[in-house]
$ cat coords.txt   # compact mmCIF, C-alpha atoms
# COMPACT_ATOMS: atom_id res chain seq x y z
CA MET M 1 10.75 -14.34 -65.91
CA ILE M 2 11.10 -16.16 -69.24
CA GLN M 3 12.94 -19.45 -69.54
CA LEU M 4 13.60 -21.21 -72.84
CA ASN M 5 14.81 -24.79 -72.56
CA ASN M 6 16.39 -26.56 -75.53
CA ILE M 7 14.17 -24.81 -78.09
CA HIS M 8 14.10 -26.18 -81.64
CA LYS M 9 12.12 -24.77 -84.57
CA SER M 10 12.09 -25.76 -88.25
CA PHE M 11 10.22 -24.49 -91.29
CA ASN M 12 9.91 -27.35 -93.77
CA ASP M 13 13.44 -28.80 -93.94
CA LEU M 14 15.18 -25.69 -92.63
CA GLU M 15 16.07 -25.75 -88.92
CA VAL M 16 15.94 -22.12 -87.80
CA ILE M 17 16.41 -22.52 -84.01
CA LYS M 18 18.83 -25.21 -82.87
CA GLY M 19 18.55 -25.97 -79.19
CA VAL M 20 18.51 -22.52 -77.58
CA ASP M 21 18.62 -22.20 -73.79
CA LEU M 22 17.94 -18.71 -72.45
CA THR M 23 16.67 -16.98 -69.31
CA ILE M 24 15.30 -13.41 -69.28
CA GLU M 25 15.43 -11.67 -65.91
CA SER M 26 12.71 -9.31 -64.69
CA GLY M 27 13.52 -5.61 -64.95
CA SER M 28 16.30 -6.08 -67.50
CA ILE M 29 16.94 -4.97 -71.08
CA THR M 30 18.26 -7.85 -73.18
CA SER M 31 19.46 -7.07 -76.70
CA ILE M 32 19.86 -9.71 -79.41
CA MET M 33 22.02 -9.09 -82.46
CA GLY M 34 23.04 -11.21 -85.43
CA ALA M 35 22.98 -11.39 -89.21
CA SER M 36 19.73 -11.66 -91.13
CA GLY M 37 18.50 -15.25 -91.03
CA ALA M 38 20.25 -16.05 -87.75
CA GLY M 39 16.91 -16.83 -86.06
CA LYS M 40 16.49 -13.69 -83.93
CA SER M 41 12.92 -12.83 -84.91
CA THR M 42 11.80 -16.46 -84.74
CA LEU M 43 13.20 -16.70 -81.22
CA LEU M 44 11.40 -13.49 -80.24
CA GLN M 45 8.11 -14.82 -81.63
CA MET M 46 8.42 -17.94 -79.49
CA MET M 47 9.13 -15.85 -76.40
CA GLY M 48 5.98 -13.91 -77.25
CA THR M 49 3.89 -17.07 -77.78
CA LEU M 50 3.18 -16.00 -81.39
CA ASP M 51 4.81 -19.26 -82.49
CA ILE M 52 5.30 -22.60 -80.76
CA PRO M 53 8.60 -24.53 -80.77
CA ASP M 54 8.79 -27.98 -82.34
CA SER M 55 10.46 -29.21 -79.16
CA GLY M 56 11.68 -27.78 -75.88
CA SER M 57 9.75 -25.67 -73.38
CA VAL M 58 8.85 -22.01 -72.88
CA LEU M 59 8.14 -21.03 -69.27
CA PHE M 60 6.75 -17.63 -68.34
CA ASP M 61 6.86 -17.02 -64.58
CA GLY M 62 6.88 -20.79 -64.20
CA VAL M 63 3.88 -21.33 -66.50
CA GLU M 64 4.52 -23.68 -69.43
CA VAL M 65 2.81 -21.59 -72.07
CA THR M 66 3.09 -24.18 -74.84
CA ASN M 67 0.56 -26.28 -72.92
CA LEU M 68 -2.15 -23.59 -73.03
CA SER M 69 -5.08 -23.75 -75.43
CA LYS M 70 -5.20 -21.17 -78.24
CA LYS M 71 -7.89 -19.21 -76.39
CA ASP M 72 -6.01 -19.21 -73.09
CA LEU M 73 -2.76 -18.39 -74.86
CA ALA M 74 -4.33 -15.33 -76.52
CA LYS M 75 -5.59 -14.10 -73.12
CA PHE M 76 -2.18 -14.74 -71.56
CA ARG M 77 -0.41 -12.86 -74.35
CA ASN M 78 -2.76 -9.86 -74.16
CA LYS M 79 -2.26 -9.57 -70.40
CA ASN M 80 1.47 -10.27 -70.06
CA ILE M 81 3.29 -9.33 -73.27
CA GLY M 82 3.62 -6.10 -75.22
CA PHE M 83 4.97 -5.98 -78.77
CA ILE M 84 6.81 -3.28 -80.71
CA PHE M 85 7.68 -3.83 -84.38
CA GLN M 86 9.76 -2.02 -86.99
CA PHE M 87 6.57 -1.26 -88.90
CA HIS M 88 4.27 0.26 -86.33
CA HIS M 89 1.10 -1.63 -87.32
CA LEU M 90 -1.12 1.20 -86.16
CA LEU M 91 -4.72 1.03 -87.35
CA PRO M 92 -5.05 3.89 -89.86
CA GLU M 93 -8.73 4.62 -89.24
CA PHE M 94 -8.26 5.18 -85.49
CA THR M 95 -6.68 8.06 -83.55
CA ALA M 96 -3.47 7.73 -81.56
CA MET M 97 -5.49 7.44 -78.34
CA GLU M 98 -7.79 4.77 -79.80
CA ASN M 99 -4.81 2.77 -81.12
CA VAL M 100 -3.20 2.79 -77.68
CA ALA M 101 -6.47 1.92 -75.92
CA MET M 102 -7.22 -1.03 -78.21
CA PRO M 103 -5.53 -3.75 -76.07
CA GLY M 104 -7.42 -2.37 -73.08
CA TYR M 105 -10.74 -2.58 -74.90
CA ILE M 106 -9.99 -6.24 -75.63
CA ALA M 107 -8.78 -7.11 -72.13
CA THR M 108 -11.29 -5.26 -69.95
CA ASN M 109 -14.16 -4.12 -72.16
CA ASN M 110 -14.02 -0.89 -70.11
CA LYS M 111 -13.87 1.93 -72.65
CA GLY M 112 -13.58 4.81 -70.20
CA ALA M 113 -10.77 3.31 -68.10
CA SER M 114 -8.89 2.19 -71.20
CA GLU M 115 -9.04 5.64 -72.77
CA GLU M 116 -7.96 7.31 -69.53
CA ARG M 117 -4.87 5.08 -69.31
CA ALA M 118 -4.13 5.53 -73.03
CA THR M 119 -4.28 9.31 -72.62
CA GLY M 120 -1.88 9.17 -69.67
CA LEU M 121 0.57 6.99 -71.56
CA LEU M 122 0.58 9.25 -74.61
CA LYS M 123 1.22 12.27 -72.38
CA LYS M 124 4.13 10.34 -70.83
CA MET M 125 5.47 9.81 -74.37
CA GLY M 126 5.27 13.55 -75.05
CA LEU M 127 2.25 13.16 -77.31
CA GLY M 128 -0.42 14.90 -75.25
CA ASN M 129 -1.12 17.21 -78.20
CA ARG M 130 -1.47 14.29 -80.64
CA LEU M 131 -4.26 12.30 -78.94
CA ASN M 132 -6.77 12.76 -81.73
CA HIS M 133 -4.37 12.57 -84.66
CA LYS M 134 -4.50 9.55 -86.96
CA PRO M 135 -1.29 7.71 -87.91
CA ASN M 136 -0.91 9.45 -91.27
CA GLU M 137 -0.84 12.77 -89.41
CA LEU M 138 2.12 11.69 -87.24
CA SER M 139 5.85 11.55 -87.95
CA GLY M 140 7.69 8.22 -87.91
CA GLY M 141 9.08 8.90 -84.44
CA GLU M 142 5.64 9.87 -83.15
CA GLN M 143 4.10 6.72 -84.61
CA GLN M 144 6.72 4.59 -82.88
CA ARG M 145 6.00 6.28 -79.54
CA VAL M 146 2.29 5.54 -80.05
CA ALA M 147 3.25 1.90 -80.66
CA ILE M 148 5.29 1.88 -77.43
CA ALA M 149 2.36 3.34 -75.48
CA ARG M 150 0.11 0.65 -76.97
CA ALA M 151 2.60 -2.04 -75.89
CA LEU M 152 2.48 -0.65 -72.33
CA MET M 153 -1.33 -0.42 -72.24
CA ASN M 154 -2.08 -3.57 -70.23
CA LYS M 155 0.96 -3.21 -67.93
CA PRO M 156 2.74 -6.19 -69.50
CA LYS M 157 5.47 -8.07 -67.68
CA VAL M 158 7.70 -7.92 -70.76
CA ILE M 159 7.91 -5.91 -73.97
CA LEU M 160 9.34 -7.66 -77.02
CA ALA M 161 10.70 -5.30 -79.68
CA ASP M 162 11.72 -6.41 -83.18
CA GLU M 163 13.94 -3.79 -84.91
CA PRO M 164 12.12 -0.92 -83.15
CA SER M 165 14.46 1.77 -84.52
CA GLY M 166 14.75 0.26 -88.01
CA ASN M 167 12.67 2.98 -89.68
CA LEU M 168 13.87 5.91 -87.57
CA ASP M 169 16.54 8.52 -88.21
CA SER M 170 19.47 8.77 -85.80
CA LYS M 171 17.86 11.47 -83.62
CA ASN M 172 14.61 9.55 -83.16
CA ALA M 173 16.53 6.30 -82.64
CA ARG M 174 18.54 7.88 -79.78
CA GLU M 175 15.34 9.20 -78.22
CA LEU M 176 13.83 5.72 -78.47
CA HIS M 177 16.85 4.20 -76.70
CA GLU M 178 16.57 6.76 -73.89
CA LEU M 179 12.84 6.09 -73.60
CA PHE M 180 13.48 2.37 -73.08
CA LEU M 181 15.97 3.18 -70.31
CA MET M 182 13.48 5.52 -68.65
CA LEU M 183 10.75 2.87 -68.74
CA ARG M 184 13.10 0.28 -67.25
CA ASP M 185 14.20 2.62 -64.47
CA GLU M 186 10.78 4.11 -63.63
CA TYR M 187 8.57 1.04 -64.10
CA ASN M 188 11.06 -1.84 -63.78
CA GLN M 189 9.92 -2.73 -67.30
CA THR M 190 11.50 -5.79 -68.90
CA PHE M 191 12.56 -5.57 -72.56
CA VAL M 192 13.89 -8.04 -75.10
CA ILE M 193 15.07 -6.18 -78.21
CA VAL M 194 16.12 -7.67 -81.55
CA THR M 195 18.17 -5.10 -83.40
CA HIS M 196 20.88 -4.40 -85.96
CA ASN M 197 21.56 -1.07 -84.23
CA GLU M 198 24.72 -1.47 -82.13
CA GLU M 199 24.07 1.74 -80.21
CA LEU M 200 20.62 0.52 -79.15
CA ALA M 201 22.00 -2.95 -78.31
CA LYS M 202 24.66 -1.47 -76.02
CA TYR M 203 22.03 0.46 -74.05
CA GLY M 204 20.82 -2.86 -72.64
CA ASP M 205 21.92 -4.77 -69.56
CA ARG M 206 22.89 -7.82 -71.62
CA LEU M 207 23.88 -8.35 -75.24
CA LEU M 208 23.44 -11.69 -77.02
CA TYR M 209 24.67 -12.65 -80.48
CA MET M 210 22.87 -15.24 -82.60
CA GLU M 211 24.41 -17.17 -85.46
CA ASP M 212 22.94 -20.04 -87.46
CA GLY M 213 20.07 -20.69 -85.06
CA ASN M 214 21.91 -20.54 -81.77
CA ILE M 215 23.27 -18.04 -79.27
CA THR M 216 27.02 -17.85 -79.77
CA ASP M 217 28.07 -15.01 -77.44
CA ARG M 218 26.67 -13.50 -74.26
CA TYR M 219 27.95 -10.29 -72.63

$ encode --input "coords.txt" --output "structure tokens"
Amino acid sequence: MIQLNNIHKSFNDLEVIKGVDLTIESGSITSIMGASGAGKSTLLQMMGTLDIPDSGSVLFDGVEVTNLSKKDLAKFRNKNIGFIFQFHHLLPEFTAMENVAMPGYIATNNKGASEERATGLLKKMGLGNRLNHKPNELSGGEQQRVAIARALMNKPKVILADEPSGNLDSKNARELHELFLMLRDEYNQTFVIVTHNEELAKYGDRLLYMEDGNITDRY
């Protein structure tokens, strides 16, 4: 689904990504581990088209996304890619349902259909009784499940997760891991997960280690 070819990325004089080649298969969970500063999050951002490599190519289902205009790239990202972050980035003034529906509002401009899907996703996440609660009324685990539902809103081909269990206790982290497995098995959902959590990493189908801007081990 995603193919990175000889990706390089520098910030000023610091080369952060040093010629990475990587293929992400549809319906798989790929985990990426490594020390802070190894380049994991930068690599994830380039997979998600949030950043563009200095050289090399990023292909998404055969489409060279680095050739798209900013407007077309934003549309492509909204349709095909879901994001989950360590800090949930929920909009505090909106309810859980409205936060989840937001990508649908942007993509389709169909409020009713978007809210119907958002409601269904939150029920799937076990949050059917939290639809009208705002983020500050939810626990950390509940907020993360809202963020996952939001990532699923537009039926993306891949979900990219950056330290998704970083702010969760061990119980909520385990539940998050099991939720990812359920979504892969039931929806053939593809995940790429950057994590320091070895337990979460081992739940995946493939584990990659990054060091000094390159992938050093693949399992």

$ atom_distance --input "coords.txt" --atom1 "CA of Asn172 in chain M" --atom2 "CA of Asn136 in chain M"
17.5 Å

$ atom_distance --input "coords.txt" --atom1 "CA of Ala74 in chain M" --atom2 "CA of Ser165 in chain M"
26.6 Å

$ closest_residue --input "coords.txt" --among "M:Gly204, M:Pro103, M:Gly213, M:Gly82" --to "Ile29 in chain M" --atoms "all atoms listed in the file"
M:Gly204

$ residues_around --input "coords.txt" --residues "His88 in chain M" --least-positions-apart "4" --cutoff "12 Å" --atoms "all atoms listed in the file" --output "PyMOL selection string"
chain M and resi 83-84+92+96+99-100+135-136+138-151+161-168

$ residues_near_point --input "coords.txt" --point "(8.0, -9.4, -65.5)" --cutoff "6 Å" --atoms "only C-alpha atoms" --output "PyMOL selection string"
chain M and resi 1+26+157-158

$ closest_residue --input "coords.txt" --among "M:Asn188, M:Thr42, M:Asn197, M:Asn67" --to "Ser10 in chain M" --atoms "all atoms listed in the file"
M:Thr42

$ closest_atom_pairs --input "coords.txt" --of "range 2-90 of chain M" --to "range 173-182 of chain M" --cutoff "12 Å" --atoms "all atoms listed in the file" --output "tab-separated table"
residue	atom	partner	partner_atom	distance
M:Gly27	CA	M:Leu181	CA	10.6
M:Ser28	CA	M:Leu181	CA	9.7
M:Ile29	CA	M:Leu181	CA	8.2
M:Thr30	CA	M:Phe180	CA	11.3
M:Ser31	CA	M:His177	CA	11.6
M:Ile84	CA	M:Phe180	CA	11.6
M:Gln86	CA	M:Ala173	CA	11.6

$ residues_around --input "coords.txt" --residues "range 51-54 of chain M" --least-positions-apart "4" --cutoff "7 Å" --atoms "all atoms listed in the file" --output "list of chain:residue names"
M:Ile7, M:His8, M:Lys9, M:Gln45, M:Met46, M:Thr66

$ residues_around --input "coords.txt" --residues "Leu122 in chain M" --least-positions-apart "3" --cutoff "8 Å" --atoms "all atoms listed in the file" --output "list in words"
Met97, Ala118, Thr119, Met125, Gly126, Leu127, Gly128, Leu131, Arg145, Val146 and Ala149 of chain M

$ closest_residue --input "coords.txt" --among "M:Ile17, M:Leu22, M:Leu43, M:Ile106" --to "Asp217 in chain M" --atoms "only C-alpha atoms"
M:Leu22

$ closest_residue --input "coords.txt" --among "M:Ser170, M:Asn12, M:Leu90, M:Gly19" --to "Glu199 in chain M" --atoms "only C-alpha atoms"
M:Ser170

$ atom_distance --input "coords.txt" --atom1 "CA of Met33 in chain M" --atom2 "CA of Thr216 in chain M"
10.4 Å

$ closest_residue --input "coords.txt" --among "M:Asn132, M:Asn154, M:Gln189, M:Asn5" --to "Arg77 in chain M" --atoms "only C-alpha atoms"
M:Asn154

$ closest_residue --input "coords.txt" --among "M:Arg218, M:Met210, M:Lys134, M:Glu98" --to "Ser36 in chain M" --atoms "only C-alpha atoms"
M:Met210

$ residues_around --input "coords.txt" --residues "Asp21 in chain M" --least-positions-apart "2" --cutoff "10 Å" --atoms "only C-alpha atoms" --output "ChimeraX atom specification"
/M:3-8,18-19,23,56-58,214-215

$ write_last_selection --input "coords.txt" --atoms "C-alpha atoms" --output "PDB file, keeping the file's coordinate frame"
ATOM      1  CA  GLN M   3      12.940 -19.450 -69.540  1.00  0.00           C
ATOM      2  CA  LEU M   4      13.600 -21.210 -72.840  1.00  0.00           C
ATOM      3  CA  ASN M   5      14.810 -24.790 -72.560  1.00  0.00           C
ATOM      4  CA  ASN M   6      16.390 -26.560 -75.530  1.00  0.00           C
ATOM      5  CA  ILE M   7      14.170 -24.810 -78.090  1.00  0.00           C
ATOM      6  CA  HIS M   8      14.100 -26.180 -81.640  1.00  0.00           C
ATOM      7  CA  LYS M  18      18.830 -25.210 -82.870  1.00  0.00           C
ATOM      8  CA  GLY M  19      18.550 -25.970 -79.190  1.00  0.00           C
ATOM      9  CA  THR M  23      16.670 -16.980 -69.310  1.00  0.00           C
ATOM     10  CA  GLY M  56      11.680 -27.780 -75.880  1.00  0.00           C
ATOM     11  CA  SER M  57       9.750 -25.670 -73.380  1.00  0.00           C
ATOM     12  CA  VAL M  58       8.850 -22.010 -72.880  1.00  0.00           C
ATOM     13  CA  ASN M 214      21.910 -20.540 -81.770  1.00  0.00           C
ATOM     14  CA  ILE M 215      23.270 -18.040 -79.270  1.00  0.00           C
TER      15      ILE M 215
END

$ residues_around --input "coords.txt" --residues "Ile81 in chain M" --least-positions-apart "5" --cutoff "10 Å" --atoms "only C-alpha atoms" --output "PDB file with C-alpha atoms, in the frame of the given file"
ATOM      1  CA  MET M  47       9.130 -15.850 -76.400  1.00  0.00           C
ATOM      2  CA  GLY M  48       5.980 -13.910 -77.250  1.00  0.00           C
ATOM      3  CA  THR M  49       3.890 -17.070 -77.780  1.00  0.00           C
ATOM      4  CA  PHE M  76      -2.180 -14.740 -71.560  1.00  0.00           C
ATOM      5  CA  ALA M 151       2.600  -2.040 -75.890  1.00  0.00           C
ATOM      6  CA  LEU M 152       2.480  -0.650 -72.330  1.00  0.00           C
ATOM      7  CA  ASN M 154      -2.080  -3.570 -70.230  1.00  0.00           C
ATOM      8  CA  LYS M 155       0.960  -3.210 -67.930  1.00  0.00           C
ATOM      9  CA  PRO M 156       2.740  -6.190 -69.500  1.00  0.00           C
ATOM     10  CA  LYS M 157       5.470  -8.070 -67.680  1.00  0.00           C
ATOM     11  CA  VAL M 158       7.700  -7.920 -70.760  1.00  0.00           C
ATOM     12  CA  ILE M 159       7.910  -5.910 -73.970  1.00  0.00           C
ATOM     13  CA  LEU M 160       9.340  -7.660 -77.020  1.00  0.00           C
ATOM     14  CA  THR M 190      11.500  -5.790 -68.900  1.00  0.00           C
TER      15      THR M 190
END
